[in-house]
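K.L.:
Sharing structure-v1.cif (mmCIF, N, CA and C atoms) below.
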data_model
#
loop_
_atom_site.label_atom_id
_atom_site.label_comp_id
_atom_site.auth_asym_id
_atom_site.auth_seq_id
_atom_site.Cartn_x
_atom_site.Cartn_y
_atom_site.Cartn_z
N MET A 1 -113.92 2.70 2.73
CA MET A 1 -113.93 2.46 4.16
C MET A 1 -113.33 3.65 4.88
N THR A 2 -113.90 3.95 6.01
CA THR A 2 -113.34 5.02 6.83
C THR A 2 -112.48 4.42 7.93
N THR A 3 -111.49 5.16 8.36
CA THR A 3 -110.64 4.69 9.44
C THR A 3 -111.32 4.97 10.78
N THR A 4 -110.82 4.34 11.79
CA THR A 4 -111.34 4.48 13.14
C THR A 4 -110.20 5.00 14.01
N THR A 5 -110.50 5.82 15.01
CA THR A 5 -109.45 6.37 15.87
C THR A 5 -108.82 5.26 16.70
N ARG A 6 -107.60 5.51 17.13
CA ARG A 6 -106.90 4.49 17.94
C ARG A 6 -107.67 4.13 19.20
N SER A 7 -108.22 5.12 19.88
CA SER A 7 -108.96 4.80 21.12
C SER A 7 -110.19 3.95 20.80
N ALA A 8 -110.84 4.21 19.67
CA ALA A 8 -111.99 3.38 19.28
C ALA A 8 -111.53 1.97 18.93
N VAL A 9 -110.38 1.86 18.27
CA VAL A 9 -109.83 0.54 17.94
C VAL A 9 -109.49 -0.22 19.22
N GLU A 10 -108.89 0.47 20.18
CA GLU A 10 -108.58 -0.18 21.47
C GLU A 10 -109.85 -0.69 22.14
N ARG A 11 -110.93 0.09 22.10
CA ARG A 11 -112.20 -0.36 22.68
C ARG A 11 -112.72 -1.60 21.94
N LEU A 12 -112.62 -1.59 20.62
CA LEU A 12 -113.06 -2.76 19.84
C LEU A 12 -112.26 -4.00 20.23
N VAL A 13 -110.96 -3.86 20.36
CA VAL A 13 -110.12 -5.00 20.73
C VAL A 13 -110.47 -5.48 22.13
N ASN A 14 -110.71 -4.56 23.06
CA ASN A 14 -111.11 -4.96 24.41
C ASN A 14 -112.47 -5.67 24.40
N ASP A 15 -113.39 -5.18 23.58
CA ASP A 15 -114.69 -5.86 23.45
C ASP A 15 -114.53 -7.24 22.81
N TYR A 16 -113.62 -7.35 21.85
CA TYR A 16 -113.34 -8.64 21.22
C TYR A 16 -112.79 -9.62 22.26
N GLU A 17 -111.90 -9.13 23.13
CA GLU A 17 -111.37 -9.96 24.22
C GLU A 17 -112.51 -10.45 25.11
N ALA A 18 -113.45 -9.56 25.44
CA ALA A 18 -114.61 -9.94 26.25
C ALA A 18 -115.46 -10.98 25.52
N LEU A 19 -115.61 -10.83 24.20
CA LEU A 19 -116.34 -11.82 23.41
C LEU A 19 -115.66 -13.18 23.50
N LEU A 20 -114.35 -13.20 23.37
CA LEU A 20 -113.62 -14.47 23.48
C LEU A 20 -113.78 -15.08 24.87
N ASP A 21 -113.93 -14.23 25.88
CA ASP A 21 -114.12 -14.71 27.25
C ASP A 21 -115.57 -15.11 27.54
N GLY A 22 -116.45 -15.03 26.53
CA GLY A 22 -117.81 -15.53 26.69
C GLY A 22 -118.91 -14.49 26.72
N ASP A 23 -118.58 -13.21 26.59
CA ASP A 23 -119.60 -12.16 26.61
C ASP A 23 -120.17 -12.01 25.20
N THR A 24 -121.21 -12.78 24.90
CA THR A 24 -121.79 -12.79 23.56
C THR A 24 -122.50 -11.48 23.20
N SER A 25 -122.72 -10.61 24.17
CA SER A 25 -123.30 -9.31 23.85
C SER A 25 -122.33 -8.46 23.04
N LYS A 26 -121.07 -8.87 22.98
CA LYS A 26 -120.04 -8.13 22.25
C LYS A 26 -119.91 -8.59 20.80
N LEU A 27 -120.76 -9.50 20.34
CA LEU A 27 -120.69 -10.01 18.97
C LEU A 27 -120.84 -8.88 17.95
N ASP A 28 -121.48 -7.79 18.36
CA ASP A 28 -121.70 -6.68 17.42
C ASP A 28 -120.43 -5.90 17.09
N VAL A 29 -119.29 -6.24 17.69
CA VAL A 29 -118.03 -5.59 17.30
C VAL A 29 -117.54 -6.13 15.96
N LEU A 30 -118.12 -7.24 15.51
CA LEU A 30 -117.71 -7.87 14.26
C LEU A 30 -118.57 -7.37 13.11
N ALA A 31 -117.93 -7.03 11.99
CA ALA A 31 -118.64 -6.61 10.79
C ALA A 31 -119.40 -7.81 10.22
N GLU A 32 -120.46 -7.53 9.47
CA GLU A 32 -121.21 -8.60 8.81
C GLU A 32 -120.32 -9.40 7.87
N SER A 33 -119.29 -8.75 7.32
CA SER A 33 -118.37 -9.42 6.40
C SER A 33 -117.14 -9.99 7.13
N PHE A 34 -117.20 -10.07 8.45
CA PHE A 34 -116.08 -10.54 9.28
C PHE A 34 -115.55 -11.88 8.78
N THR A 35 -114.21 -12.00 8.79
CA THR A 35 -113.54 -13.25 8.45
C THR A 35 -112.52 -13.57 9.53
N TYR A 36 -112.49 -14.85 9.95
CA TYR A 36 -111.56 -15.32 10.98
C TYR A 36 -110.70 -16.42 10.38
N HIS A 37 -109.38 -16.25 10.50
CA HIS A 37 -108.42 -17.23 10.01
C HIS A 37 -107.60 -17.76 11.18
N ALA A 38 -107.36 -19.07 11.19
CA ALA A 38 -106.52 -19.68 12.21
C ALA A 38 -106.00 -21.01 11.67
N PRO A 39 -104.92 -21.52 12.26
CA PRO A 39 -104.42 -22.82 11.82
C PRO A 39 -105.51 -23.89 11.87
N GLY A 40 -105.52 -24.75 10.86
CA GLY A 40 -106.48 -25.83 10.81
C GLY A 40 -107.82 -25.47 10.20
N MET A 41 -108.00 -24.22 9.81
CA MET A 41 -109.26 -23.79 9.19
C MET A 41 -109.10 -23.77 7.68
N PRO A 42 -110.23 -23.81 6.97
CA PRO A 42 -110.14 -23.67 5.52
C PRO A 42 -109.47 -22.34 5.15
N VAL A 43 -108.85 -22.31 3.98
CA VAL A 43 -108.13 -21.11 3.53
C VAL A 43 -109.00 -19.86 3.60
N GLU A 44 -110.27 -19.98 3.25
CA GLU A 44 -111.15 -18.81 3.26
C GLU A 44 -111.57 -18.39 4.67
N GLY A 45 -111.27 -19.19 5.67
CA GLY A 45 -111.59 -18.86 7.06
C GLY A 45 -113.08 -18.98 7.35
N LEU A 46 -113.44 -18.59 8.56
CA LEU A 46 -114.86 -18.53 8.96
C LEU A 46 -115.42 -17.22 8.46
N GLN A 47 -116.61 -17.26 7.92
CA GLN A 47 -117.22 -16.06 7.35
C GLN A 47 -118.42 -15.63 8.19
N GLY A 48 -118.39 -14.42 8.70
CA GLY A 48 -119.53 -13.82 9.39
C GLY A 48 -119.54 -14.02 10.89
N PRO A 49 -120.23 -13.12 11.59
CA PRO A 49 -120.32 -13.19 13.06
C PRO A 49 -120.99 -14.47 13.56
N GLU A 50 -122.02 -14.96 12.85
CA GLU A 50 -122.74 -16.14 13.32
C GLU A 50 -121.84 -17.37 13.29
N ALA A 51 -121.06 -17.53 12.21
CA ALA A 51 -120.13 -18.66 12.12
C ALA A 51 -119.08 -18.58 13.22
N PHE A 52 -118.62 -17.35 13.51
CA PHE A 52 -117.64 -17.18 14.57
C PHE A 52 -118.26 -17.50 15.93
N ALA A 53 -119.50 -17.10 16.15
CA ALA A 53 -120.19 -17.41 17.41
C ALA A 53 -120.31 -18.93 17.60
N GLU A 54 -120.60 -19.65 16.52
CA GLU A 54 -120.67 -21.11 16.60
C GLU A 54 -119.31 -21.70 16.94
N TYR A 55 -118.26 -21.14 16.35
CA TYR A 55 -116.90 -21.58 16.64
C TYR A 55 -116.57 -21.37 18.12
N LEU A 56 -116.93 -20.20 18.65
CA LEU A 56 -116.69 -19.92 20.07
C LEU A 56 -117.50 -20.85 20.97
N ASP A 57 -118.75 -21.14 20.59
CA ASP A 57 -119.57 -22.08 21.37
C ASP A 57 -118.91 -23.45 21.43
N ALA A 58 -118.38 -23.92 20.29
CA ALA A 58 -117.70 -25.21 20.26
C ALA A 58 -116.45 -25.20 21.14
N ALA A 59 -115.72 -24.09 21.12
CA ALA A 59 -114.53 -23.96 21.97
C ALA A 59 -114.93 -24.00 23.44
N ARG A 60 -116.04 -23.35 23.79
CA ARG A 60 -116.52 -23.35 25.18
C ARG A 60 -117.00 -24.73 25.62
N GLU A 61 -117.51 -25.54 24.70
CA GLU A 61 -117.90 -26.90 25.05
C GLU A 61 -116.66 -27.73 25.40
N ARG A 62 -115.58 -27.49 24.70
CA ARG A 62 -114.34 -28.22 24.93
C ARG A 62 -113.56 -27.69 26.13
N PHE A 63 -113.63 -26.36 26.32
CA PHE A 63 -112.90 -25.67 27.40
C PHE A 63 -113.86 -24.70 28.07
N PRO A 64 -114.75 -25.18 28.95
CA PRO A 64 -115.81 -24.33 29.52
C PRO A 64 -115.30 -23.13 30.31
N ASP A 65 -114.12 -23.22 30.87
CA ASP A 65 -113.58 -22.12 31.68
C ASP A 65 -112.51 -21.33 30.91
N LEU A 66 -112.58 -21.34 29.58
CA LEU A 66 -111.60 -20.67 28.74
C LEU A 66 -111.43 -19.21 29.15
N ARG A 67 -110.18 -18.81 29.34
CA ARG A 67 -109.83 -17.43 29.69
C ARG A 67 -108.82 -16.92 28.67
N VAL A 68 -109.03 -15.72 28.20
CA VAL A 68 -108.17 -15.10 27.20
C VAL A 68 -107.63 -13.79 27.76
N THR A 69 -106.34 -13.58 27.61
CA THR A 69 -105.72 -12.37 28.14
C THR A 69 -104.79 -11.78 27.09
N ILE A 70 -104.93 -10.48 26.83
CA ILE A 70 -103.98 -9.78 25.97
C ILE A 70 -102.73 -9.51 26.81
N GLU A 71 -101.61 -10.04 26.34
CA GLU A 71 -100.35 -9.85 27.06
C GLU A 71 -99.61 -8.60 26.59
N ASN A 72 -99.75 -8.30 25.30
CA ASN A 72 -99.00 -7.21 24.70
C ASN A 72 -99.71 -6.83 23.41
N GLY A 73 -99.59 -5.61 22.98
CA GLY A 73 -100.23 -5.25 21.74
C GLY A 73 -99.74 -3.95 21.14
N LEU A 74 -99.96 -3.83 19.84
CA LEU A 74 -99.69 -2.61 19.10
C LEU A 74 -100.99 -2.20 18.43
N VAL A 75 -101.33 -0.93 18.52
CA VAL A 75 -102.59 -0.45 17.97
C VAL A 75 -102.31 0.65 16.95
N ASP A 76 -102.95 0.53 15.81
CA ASP A 76 -102.92 1.54 14.76
C ASP A 76 -104.37 1.90 14.47
N ASP A 77 -104.60 2.79 13.54
CA ASP A 77 -105.97 3.18 13.21
C ASP A 77 -106.74 2.08 12.49
N GLU A 78 -106.05 1.15 11.85
CA GLU A 78 -106.73 0.13 11.06
C GLU A 78 -106.28 -1.29 11.36
N VAL A 79 -105.06 -1.47 11.86
CA VAL A 79 -104.53 -2.81 12.10
C VAL A 79 -103.95 -2.85 13.51
N THR A 80 -104.24 -3.92 14.22
CA THR A 80 -103.64 -4.12 15.53
C THR A 80 -102.98 -5.48 15.57
N MET A 81 -102.04 -5.63 16.45
CA MET A 81 -101.40 -6.92 16.68
C MET A 81 -101.38 -7.15 18.18
N GLN A 82 -101.77 -8.35 18.58
CA GLN A 82 -101.79 -8.68 19.99
C GLN A 82 -101.13 -10.03 20.23
N GLU A 83 -100.40 -10.11 21.35
CA GLU A 83 -99.96 -11.39 21.87
C GLU A 83 -100.98 -11.77 22.94
N TRP A 84 -101.51 -12.97 22.83
CA TRP A 84 -102.55 -13.45 23.74
C TRP A 84 -102.04 -14.67 24.49
N SER A 85 -102.61 -14.90 25.64
CA SER A 85 -102.48 -16.20 26.29
C SER A 85 -103.90 -16.71 26.50
N MET A 86 -104.06 -18.00 26.28
CA MET A 86 -105.36 -18.64 26.49
C MET A 86 -105.15 -19.82 27.42
N ALA A 87 -106.09 -20.02 28.32
CA ALA A 87 -106.01 -21.14 29.25
C ALA A 87 -107.42 -21.65 29.51
N GLY A 88 -107.53 -22.95 29.69
CA GLY A 88 -108.82 -23.54 30.01
C GLY A 88 -108.66 -25.02 30.28
N THR A 89 -109.65 -25.60 30.93
CA THR A 89 -109.64 -27.01 31.27
C THR A 89 -110.25 -27.82 30.15
N HIS A 90 -109.54 -28.85 29.72
CA HIS A 90 -109.95 -29.71 28.61
C HIS A 90 -111.09 -30.63 29.08
N GLU A 91 -112.34 -30.23 28.80
CA GLU A 91 -113.52 -30.97 29.26
C GLU A 91 -114.33 -31.58 28.12
N GLY A 92 -113.92 -31.38 26.87
CA GLY A 92 -114.65 -31.93 25.73
C GLY A 92 -113.68 -32.43 24.68
N GLU A 93 -114.15 -33.33 23.83
CA GLU A 93 -113.29 -33.92 22.80
C GLU A 93 -112.75 -32.87 21.84
N VAL A 94 -111.45 -32.97 21.54
CA VAL A 94 -110.79 -32.08 20.59
C VAL A 94 -110.06 -32.95 19.57
N ASP A 95 -110.48 -32.86 18.32
CA ASP A 95 -109.83 -33.62 17.24
C ASP A 95 -109.63 -35.09 17.59
N GLY A 96 -110.65 -35.69 18.17
CA GLY A 96 -110.60 -37.11 18.50
C GLY A 96 -109.96 -37.43 19.83
N VAL A 97 -109.43 -36.43 20.53
CA VAL A 97 -108.81 -36.65 21.84
C VAL A 97 -109.87 -36.45 22.92
N PRO A 98 -110.14 -37.50 23.70
CA PRO A 98 -111.16 -37.37 24.75
C PRO A 98 -110.71 -36.39 25.84
N PRO A 99 -111.65 -35.87 26.62
CA PRO A 99 -111.32 -34.92 27.69
C PRO A 99 -110.29 -35.50 28.66
N THR A 100 -109.34 -34.66 29.04
CA THR A 100 -108.31 -35.08 29.98
C THR A 100 -108.51 -34.47 31.37
N GLY A 101 -109.30 -33.39 31.46
CA GLY A 101 -109.46 -32.69 32.73
C GLY A 101 -108.27 -31.82 33.08
N ARG A 102 -107.29 -31.75 32.18
CA ARG A 102 -106.10 -30.93 32.43
C ARG A 102 -106.31 -29.49 31.98
N GLU A 103 -105.59 -28.58 32.64
CA GLU A 103 -105.59 -27.20 32.17
C GLU A 103 -104.62 -27.10 31.00
N MET A 104 -105.11 -26.51 29.93
CA MET A 104 -104.32 -26.30 28.72
C MET A 104 -103.96 -24.82 28.62
N LYS A 105 -102.79 -24.54 28.07
CA LYS A 105 -102.37 -23.16 27.86
C LYS A 105 -101.86 -23.03 26.43
N LEU A 106 -102.16 -21.90 25.82
CA LEU A 106 -101.76 -21.67 24.44
C LEU A 106 -101.38 -20.21 24.28
N SER A 107 -100.29 -19.98 23.59
CA SER A 107 -99.86 -18.62 23.26
C SER A 107 -100.21 -18.37 21.80
N THR A 108 -100.75 -17.19 21.52
CA THR A 108 -101.14 -16.86 20.16
C THR A 108 -100.69 -15.44 19.81
N MET A 109 -100.66 -15.19 18.52
CA MET A 109 -100.41 -13.85 17.99
C MET A 109 -101.55 -13.58 17.04
N THR A 110 -102.14 -12.39 17.11
CA THR A 110 -103.30 -12.06 16.30
C THR A 110 -103.10 -10.73 15.60
N THR A 111 -103.49 -10.69 14.34
CA THR A 111 -103.59 -9.46 13.59
C THR A 111 -105.06 -9.17 13.39
N THR A 112 -105.49 -7.98 13.74
CA THR A 112 -106.90 -7.59 13.64
C THR A 112 -107.02 -6.38 12.72
N VAL A 113 -107.91 -6.47 11.74
CA VAL A 113 -108.14 -5.38 10.81
C VAL A 113 -109.47 -4.72 11.18
N VAL A 114 -109.44 -3.40 11.34
CA VAL A 114 -110.61 -2.63 11.72
C VAL A 114 -110.90 -1.59 10.65
N ALA A 115 -112.17 -1.44 10.31
CA ALA A 115 -112.61 -0.37 9.41
C ALA A 115 -114.08 -0.11 9.67
N ASP A 116 -114.50 1.12 9.45
CA ASP A 116 -115.90 1.51 9.62
C ASP A 116 -116.42 1.17 11.02
N GLY A 117 -115.54 1.24 12.03
CA GLY A 117 -115.95 1.03 13.41
C GLY A 117 -116.24 -0.41 13.80
N LYS A 118 -115.80 -1.37 12.97
CA LYS A 118 -116.04 -2.79 13.25
C LYS A 118 -114.78 -3.59 12.95
N ILE A 119 -114.69 -4.76 13.57
CA ILE A 119 -113.59 -5.67 13.26
C ILE A 119 -113.96 -6.40 11.98
N GLN A 120 -113.11 -6.26 10.97
CA GLN A 120 -113.35 -6.83 9.66
C GLN A 120 -112.74 -8.22 9.51
N GLU A 121 -111.55 -8.39 10.10
CA GLU A 121 -110.81 -9.63 9.92
C GLU A 121 -109.90 -9.88 11.10
N VAL A 122 -109.76 -11.14 11.47
CA VAL A 122 -108.81 -11.56 12.49
C VAL A 122 -108.01 -12.73 11.91
N ARG A 123 -106.69 -12.61 12.02
CA ARG A 123 -105.80 -13.71 11.64
C ARG A 123 -105.05 -14.11 12.90
N GLU A 124 -105.27 -15.34 13.33
CA GLU A 124 -104.67 -15.85 14.55
C GLU A 124 -103.57 -16.84 14.19
N TYR A 125 -102.43 -16.68 14.84
CA TYR A 125 -101.28 -17.54 14.58
C TYR A 125 -100.89 -18.25 15.88
N PHE A 126 -100.81 -19.57 15.81
CA PHE A 126 -100.34 -20.36 16.95
C PHE A 126 -99.85 -21.70 16.43
N ASP A 127 -99.16 -22.42 17.29
CA ASP A 127 -98.66 -23.74 16.94
C ASP A 127 -99.66 -24.78 17.45
N PRO A 128 -100.41 -25.43 16.55
CA PRO A 128 -101.40 -26.42 17.00
C PRO A 128 -100.78 -27.55 17.82
N GLN A 129 -99.50 -27.84 17.59
CA GLN A 129 -98.84 -28.91 18.34
C GLN A 129 -98.68 -28.53 19.81
N GLU A 130 -98.62 -27.23 20.11
CA GLU A 130 -98.53 -26.78 21.50
C GLU A 130 -99.72 -27.29 22.32
N LEU A 131 -100.91 -27.20 21.75
CA LEU A 131 -102.11 -27.69 22.42
C LEU A 131 -102.17 -29.21 22.39
N GLN A 132 -101.90 -29.79 21.23
CA GLN A 132 -101.96 -31.25 21.07
C GLN A 132 -101.05 -31.96 22.08
N SER A 133 -99.84 -31.45 22.25
CA SER A 133 -98.91 -32.11 23.16
C SER A 133 -99.38 -32.06 24.62
N GLN A 134 -100.15 -31.05 24.97
CA GLN A 134 -100.67 -30.96 26.34
C GLN A 134 -101.80 -31.97 26.59
N MET A 135 -102.43 -32.44 25.51
CA MET A 135 -103.54 -33.38 25.64
C MET A 135 -103.08 -34.83 25.60
N GLU A 136 -101.83 -35.08 25.25
CA GLU A 136 -101.33 -36.45 25.17
C GLU A 136 -101.30 -37.07 26.54
N ALA A 137 -101.53 -38.38 26.57
CA ALA A 137 -101.67 -39.11 27.85
C ALA A 137 -100.48 -38.94 28.78
N ASP A 138 -99.27 -38.84 28.24
CA ASP A 138 -98.10 -38.74 29.13
C ASP A 138 -97.69 -37.31 29.42
N ALA A 139 -98.54 -36.34 29.02
CA ALA A 139 -98.19 -34.92 29.26
C ALA A 139 -98.27 -34.57 30.71
#
Can I see the file as structure tokens?
P.N.:
Amino acid sequence: MTTTTRSAVERLVNDYEALLDGDTSKLDVLAESFTYHAPGMPVEGLQGPEAFAEYLDAARERFPDLRVTIENGLVDDEVTMQEWSMAGTHEGEVDGVPPTGREMKLSTMTTTVVADGKIQEVREYFDPQELQSQMEADA
């Protein structure tokens, strides 16, 4: 694998942010061997850009106005780390919880691995209870 320059990595991360915000034209920033890991997913994670696109579509059904913002980040030639904030209105069922119409907010930390000019892997870390507690009836 060849390394990518920091400025190219920054562009990839910005395009990834746009993808999370719904710009599906940015799906090509993901390598064919792309893997996505997050709490609640199988150990092997989601495999490939198409599986990730389906995951994002499902998230958009639940939170149609989902907005993702990079709050802070560190960029290297191959690995980046970002603190993200995500917000959106709960309009679809999530893990058996019916829509509440409330705005949900979630803080995440992500490690992104880049090689050969593409995002190879994303590991997202967050507390699933943070979201769950916002969906509870007395929240």
K.L.:
Translate the PyMOL selection byres ((chain A and resi 91) around 6.5) into a concrete residue list for this structure, as a list of chain:residue names.
P.N.:
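Applying the expression gives A:Glu61, A:Arg62, A:Phe63, A:Pro64, A:Thr89, A:His90, A:Gly92, A:Glu93, A:Pro98, A:Pro99, A:Thr100, A:Gly101, A:Arg102.
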K.L.:
Expressed in Å to a single decimal, how great is the separation between atom N of Ala51 of chain A and atom N of Phe34 of chain A?
P.N.:
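These two atoms are separated by 9.2 Å.
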K.L.:
Find the spatial neighbours of segment 122-124 of chain A, counting all atoms listed in the file, within a cut-off of 8 Å - ignore same-chain residues fewer than 3 positions away - and output them as an mmCIF file with N, CA and C atoms, in the frame of the given file.
P.N.:
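And here's selection.cif as it stands now:
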data_model
loop_
_atom_site.group_PDB
_atom_site.id
_atom_site.type_symbol
_atom_site.label_atom_id
_atom_site.label_comp_id
_atom_site.auth_asym_id
_atom_site.auth_seq_id
_atom_site.Cartn_x
_atom_site.Cartn_y
_atom_site.Cartn_z
ATOM 1 N N PHE A 34 -117.200 -10.070 8.450
ATOM 2 C CA PHE A 34 -116.080 -10.540 9.280
ATOM 3 C C PHE A 34 -115.550 -11.880 8.780
ATOM 4 N N THR A 35 -114.210 -12.000 8.790
ATOM 5 C CA THR A 35 -113.540 -13.250 8.450
ATOM 6 C C THR A 35 -112.520 -13.570 9.530
ATOM 7 N N TYR A 36 -112.490 -14.850 9.950
ATOM 8 C CA TYR A 36 -111.560 -15.320 10.980
ATOM 9 C C TYR A 36 -110.700 -16.420 10.380
ATOM 10 N N HIS A 37 -109.380 -16.250 10.500
ATOM 11 C CA HIS A 37 -108.420 -17.230 10.010
ATOM 12 C C HIS A 37 -107.600 -17.760 11.180
ATOM 13 N N ALA A 38 -107.360 -19.070 11.190
ATOM 14 C CA ALA A 38 -106.520 -19.680 12.210
ATOM 15 C C ALA A 38 -106.000 -21.010 11.670
ATOM 16 N N PRO A 39 -104.920 -21.520 12.260
ATOM 17 C CA PRO A 39 -104.420 -22.820 11.820
ATOM 18 C C PRO A 39 -105.510 -23.890 11.870
ATOM 19 N N THR A 108 -100.750 -17.190 21.520
ATOM 20 C CA THR A 108 -101.140 -16.860 20.160
ATOM 21 C C THR A 108 -100.690 -15.440 19.810
ATOM 22 N N MET A 109 -100.660 -15.190 18.520
ATOM 23 C CA MET A 109 -100.410 -13.850 17.990
ATOM 24 C C MET A 109 -101.550 -13.580 17.040
ATOM 25 N N THR A 110 -102.140 -12.390 17.110
ATOM 26 C CA THR A 110 -103.300 -12.060 16.300
ATOM 27 C C THR A 110 -103.100 -10.730 15.600
ATOM 28 N N THR A 111 -103.490 -10.690 14.340
ATOM 29 C CA THR A 111 -103.590 -9.460 13.590
ATOM 30 C C THR A 111 -105.060 -9.170 13.390
ATOM 31 N N THR A 112 -105.490 -7.980 13.740
ATOM 32 C CA THR A 112 -106.900 -7.590 13.640
ATOM 33 C C THR A 112 -107.020 -6.380 12.720
ATOM 34 N N VAL A 113 -107.910 -6.470 11.740
ATOM 35 C CA VAL A 113 -108.140 -5.380 10.810
ATOM 36 C C VAL A 113 -109.470 -4.720 11.180
ATOM 37 N N VAL A 114 -109.440 -3.400 11.340
ATOM 38 C CA VAL A 114 -110.610 -2.630 11.720
ATOM 39 C C VAL A 114 -110.900 -1.590 10.650
ATOM 40 N N ILE A 119 -114.690 -4.760 13.570
ATOM 41 C CA ILE A 119 -113.590 -5.670 13.260
ATOM 42 C C ILE A 119 -113.960 -6.400 11.980
ATOM 43 N N ASP A 127 -99.160 -22.420 17.290
ATOM 44 C CA ASP A 127 -98.660 -23.740 16.940
ATOM 45 C C ASP A 127 -99.660 -24.780 17.450
#
K.L.:
Measure the distance from atom CA of Glu10 of chain A to atom C of Ala53 of chain A in Å and round it to one decimal.
P.N.:
22.5 Å
K.L.:
Quote the spacing between atom CA of Ala59 of chain A and atom CA of Ser133 of chain A in Å to one decimal place.
P.N.:
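Computing the Euclidean distance for atom CA of Ala59 of chain A and atom CA of Ser133 of chain A yields 17.7 Å.
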K.L.:
Report as a count of residues only the full result of the PyMOL selection byres ((chain A and resi 83) around 5) when it is applied to this structure.
P.N.:
10
K.L.:
Check segment 58-127 of chain A with DSSP on the backbone and list each residue it calls alpha helix (DSSP H), as a PyMOL selection string.
P.N.:
chain A and resi 58-62
K.L.:
Dig up all the protein and nucleic acid residues within 6.5 Å of (-119.7, -4.2, 17.4) in the file frame, using all atoms listed in the file, and format them as JSON, numbers by chain.
P.N.:
{"A": [26, 27, 28, 29, 30, 31, 117, 118, 119]}
K.L.:
Which of chain A counts as strand (DSSP E or B) under DSSP, as a ChimeraX atom specification please?
P.N.:
/A:30-37,46-47,67-75,79-89,94,97,103-115,118-125
K.L.:
Any chance you could resolve the PyMOL selection byres (((chain A and resi 20 and name CA) around 10) and name CA) against this file and give the residues as a count of residues only?
P.N.:
22
K.L.:
Quick one: residues within 10 Å of Glu32 of chain A, only C-alpha atoms, excluding same-chain residues fewer than 6 positions away - as a list in words?
P.N.:
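Here the qualifying residues turn out to be Gln47, Gly48, Pro49, Glu50, Lys118, Ile119 and Gln120 of chain A.
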